[in-house]
Amino acid sequence: MRLERISVSGLFEIDIEDPLLRSLHKLSLFLCEFSQSSSDSAAENIPDIIPDLEELEIHYAADLVHLPPAVCEARNLQKLSVTKCLDLKSLLQRMNQLSNLEFLNIYACSGLEGLPESICELKHLRVLDLCDCWMIERLPENFGSLSCLARIDMRRCPKIGELPESVTQIRALESVVCDEDIKHHWDRVIGREKVYVPEEETNLNFLQ
């Protein structure tokens, strides 16, 4: 028997002795309570329990302030989604260890204060979603090092008013979804035909 994906809700506890977990490729965590979980049996041992993990989703974790450090040990991880974790303050400084990461979705984490510079070393990152991360004030200075980045969604990130000069180095960028306020900056970088302001954003600006 082969187990490829599993969803967990409530207190984040899984049976670390279950041999089926070693074949798991996708783990989805909904409304999990990280602060009350046993560090010997749950988040801190994800890489050992699930060595072939390729996708990790964390949704609506109300007590998640920092990503579990062990996440960076999941070297086969290709997709990481953290959504609606309103108390999340920071990502991991060692994000660069996720060398196979292609998709990073940090959606509606309204308390997130910034992105670590190490994110710029993710050489295989193709998609970055920062939608509704209200507190982020800037993109990292070396953001242009994301040579494979093809799409970024930064709608409703109102504090990001400028782009780092390095963004001109991203040759693979195919589309940017953003607010009207920062659209003209991206227009100069990749051309207005590749920059999209969703219709609802345009309408809201028109009403102001």
# chains A, B, ... in the order shown; residues from 1 in each chain; ligands from 1
$ residues_around --residues "A:Ser90" --least-positions-apart "2" --cutoff "12 Å" --atoms "only C-alpha atoms" --output "PyMOL selection string"
chain A and resi 64-69+82+85-88+92-95+106+109-117+133+135-136
$ residues_around --residues "A:Leu101" --least-positions-apart "4" --cutoff "10 Å" --atoms "only C-alpha atoms" --output "list in words"
Glu54, Glu55, Ala74, Arg75, Asn76, Leu77, Gln78, Lys79, Leu80, Met95, Asn96, Gln97, Leu122, Lys123, His124, Leu125, Arg126 and Val127 of chain A
$ select_by_dssp --residues "stretch 14-194 of chain A" --states "alpha helix (DSSP H)" --output "list in words"
Ile46, Pro47, Asp48, Ile49, Glu180, Asp181, Ile182, Lys183, His184, His185, Trp186, Asp187, Arg188, Val189 and Ile190 of chain A
$ select_by_dssp --residues "stretch 35-204 of chain A" --states "strand (DSSP E)" --output "compact mmCIF listing (two decimals) with N, CA, C and O atoms, in the first residue's frame"
# COMPACT_ATOMS: atom_id res chain seq x y z
N GLU A 55 5.08 18.51 -1.46
CA GLU A 55 4.13 19.61 -1.30
C GLU A 55 3.70 19.72 0.16
O GLU A 55 3.31 18.73 0.77
N LEU A 56 3.78 20.94 0.70
CA LEU A 56 3.35 21.20 2.07
C LEU A 56 2.41 22.39 2.07
O LEU A 56 2.75 23.46 1.55
N GLU A 57 1.22 22.20 2.64
CA GLU A 57 0.24 23.26 2.74
C GLU A 57 -0.11 23.48 4.21
O GLU A 57 -0.40 22.52 4.93
N ILE A 58 -0.10 24.74 4.64
CA ILE A 58 -0.50 25.10 6.00
C ILE A 58 -1.56 26.18 5.89
O ILE A 58 -1.29 27.28 5.39
N HIS A 59 -2.78 25.87 6.34
CA HIS A 59 -3.90 26.80 6.19
C HIS A 59 -4.53 27.11 7.54
O HIS A 59 -4.77 26.21 8.36
N LYS A 79 6.62 22.58 -3.60
CA LYS A 79 5.53 23.55 -3.42
C LYS A 79 5.29 23.78 -1.93
O LYS A 79 5.13 22.83 -1.17
N LEU A 80 5.28 25.06 -1.55
CA LEU A 80 5.00 25.44 -0.17
C LEU A 80 3.91 26.50 -0.17
O LEU A 80 4.07 27.57 -0.78
N SER A 81 2.79 26.20 0.50
CA SER A 81 1.68 27.14 0.60
C SER A 81 1.38 27.40 2.07
O SER A 81 1.16 26.47 2.83
N VAL A 82 1.38 28.68 2.44
CA VAL A 82 1.01 29.09 3.79
C VAL A 82 -0.06 30.16 3.62
O VAL A 82 0.23 31.26 3.13
N THR A 83 -1.30 29.83 3.98
CA THR A 83 -2.39 30.76 3.71
C THR A 83 -3.23 31.02 4.96
O THR A 83 -3.44 30.14 5.79
N PHE A 103 7.32 26.65 -6.27
CA PHE A 103 6.06 27.38 -6.05
C PHE A 103 5.99 27.79 -4.59
O PHE A 103 6.03 26.95 -3.69
N LEU A 104 5.91 29.10 -4.34
CA LEU A 104 5.81 29.61 -2.98
C LEU A 104 4.58 30.50 -2.88
O LEU A 104 4.51 31.56 -3.52
N ASN A 105 3.61 30.07 -2.09
CA ASN A 105 2.36 30.79 -1.93
C ASN A 105 2.22 31.24 -0.48
O ASN A 105 2.01 30.42 0.41
N ILE A 106 2.39 32.53 -0.24
CA ILE A 106 2.19 33.10 1.09
C ILE A 106 1.00 34.04 0.98
O ILE A 106 1.13 35.24 0.75
N TYR A 107 -0.19 33.46 1.08
CA TYR A 107 -1.42 34.21 0.79
C TYR A 107 -2.14 34.63 2.06
O TYR A 107 -2.36 33.82 2.97
N VAL A 127 6.98 30.54 -9.33
CA VAL A 127 5.76 31.26 -8.98
C VAL A 127 5.84 31.75 -7.53
O VAL A 127 6.17 30.97 -6.63
N LEU A 128 5.55 33.03 -7.33
CA LEU A 128 5.54 33.62 -5.99
C LEU A 128 4.23 34.38 -5.81
O LEU A 128 3.92 35.28 -6.57
N ASP A 129 3.48 34.00 -4.77
CA ASP A 129 2.19 34.65 -4.48
C ASP A 129 2.28 35.30 -3.11
O ASP A 129 2.47 34.62 -2.09
N ARG A 151 6.17 34.23 -12.61
CA ARG A 151 4.93 34.90 -12.22
C ARG A 151 5.00 35.35 -10.77
O ARG A 151 5.48 34.61 -9.90
N ILE A 152 4.53 36.55 -10.51
CA ILE A 152 4.41 37.06 -9.14
C ILE A 152 3.05 37.73 -8.99
O ILE A 152 2.62 38.48 -9.86
N ASP A 153 2.39 37.41 -7.89
CA ASP A 153 1.10 38.04 -7.55
C ASP A 153 1.33 38.82 -6.27
O ASP A 153 1.62 38.25 -5.22
N SER A 175 4.50 37.32 -16.18
CA SER A 175 3.32 38.07 -15.75
C SER A 175 3.47 38.54 -14.31
O SER A 175 4.04 37.85 -13.47
N VAL A 176 2.93 39.74 -14.07
CA VAL A 176 2.89 40.33 -12.74
C VAL A 176 1.45 40.76 -12.49
O VAL A 176 0.85 41.44 -13.32
N VAL A 177 0.90 40.34 -11.36
CA VAL A 177 -0.43 40.78 -10.95
C VAL A 177 -0.24 41.68 -9.74
O VAL A 177 0.37 41.28 -8.74
N VAL A 195 1.78 43.12 -17.34
CA VAL A 195 1.40 43.55 -15.99
C VAL A 195 -0.12 43.66 -15.92
O VAL A 195 -0.74 44.34 -16.75
N TYR A 196 -0.71 43.01 -14.93
CA TYR A 196 -2.16 42.94 -14.86
C TYR A 196 -2.67 43.51 -13.53
O TYR A 196 -2.19 43.16 -12.46
$ atom_distance --atom1 "atom CA of A:Arg188" --atom2 "atom CA of A:Arg138"
17.8 Å
$ closest_residue --among "A:Arg22, A:Arg171, A:Glu199, A:Pro164" --to "A:His185" --atoms "only C-alpha atoms"
A:Pro164
$ closest_residue --among "A:Asp187, A:Glu193, A:Asp179, A:Glu174" --to "A:Cys148" --atoms "only C-alpha atoms"
A:Glu174
$ closest_residue --among "A:Cys157, A:Ala61, A:Glu165, A:Glu33" --to "A:Glu180" --atoms "only C-alpha atoms"
A:Cys157
$ atom_distance --atom1 "atom CA of A:Val197" --atom2 "atom CA of A:Ile119"
25.0 Å
$ atom_distance --atom1 "atom CA of A:Glu73" --atom2 "atom CA of A:Ile46"
8.3 Å
$ residues_around --residues "stretch 154-156 of chain A" --least-positions-apart "3" --cutoff "6 Å" --atoms "only C-alpha atoms" --output "ChimeraX atom specification"
/A:130-132,178-179
$ write_last_selection --atoms "N, CA and C atoms" --output "tab-separated table (two decimals), in the first residue's frame"
chain	number	residue	atom	x	y	z
A	130	LEU	N	2.16	36.63	-3.08
A	130	LEU	CA	2.20	37.40	-1.84
A	130	LEU	C	0.89	38.16	-1.62
A	131	CYS	N	-0.15	37.75	-2.29
A	131	CYS	CA	-1.41	38.48	-2.24
A	131	CYS	C	-1.93	38.62	-0.81
A	132	ASP	N	-2.36	39.84	-0.47
A	132	ASP	CA	-2.93	40.15	0.84
A	132	ASP	C	-1.93	40.02	1.99
A	178	CYS	N	-0.70	42.91	-9.84
A	178	CYS	CA	-0.42	43.88	-8.78
A	178	CYS	C	-1.52	44.92	-8.70
A	179	ASP	N	-1.35	45.88	-7.79
A	179	ASP	CA	-2.28	46.99	-7.65
A	179	ASP	C	-1.89	48.12	-8.61
$ closest_residue --among "A:Leu173, A:Ile182, A:Leu91, A:Leu31" --to "A:Leu149" --atoms "only C-alpha atoms"
A:Leu173
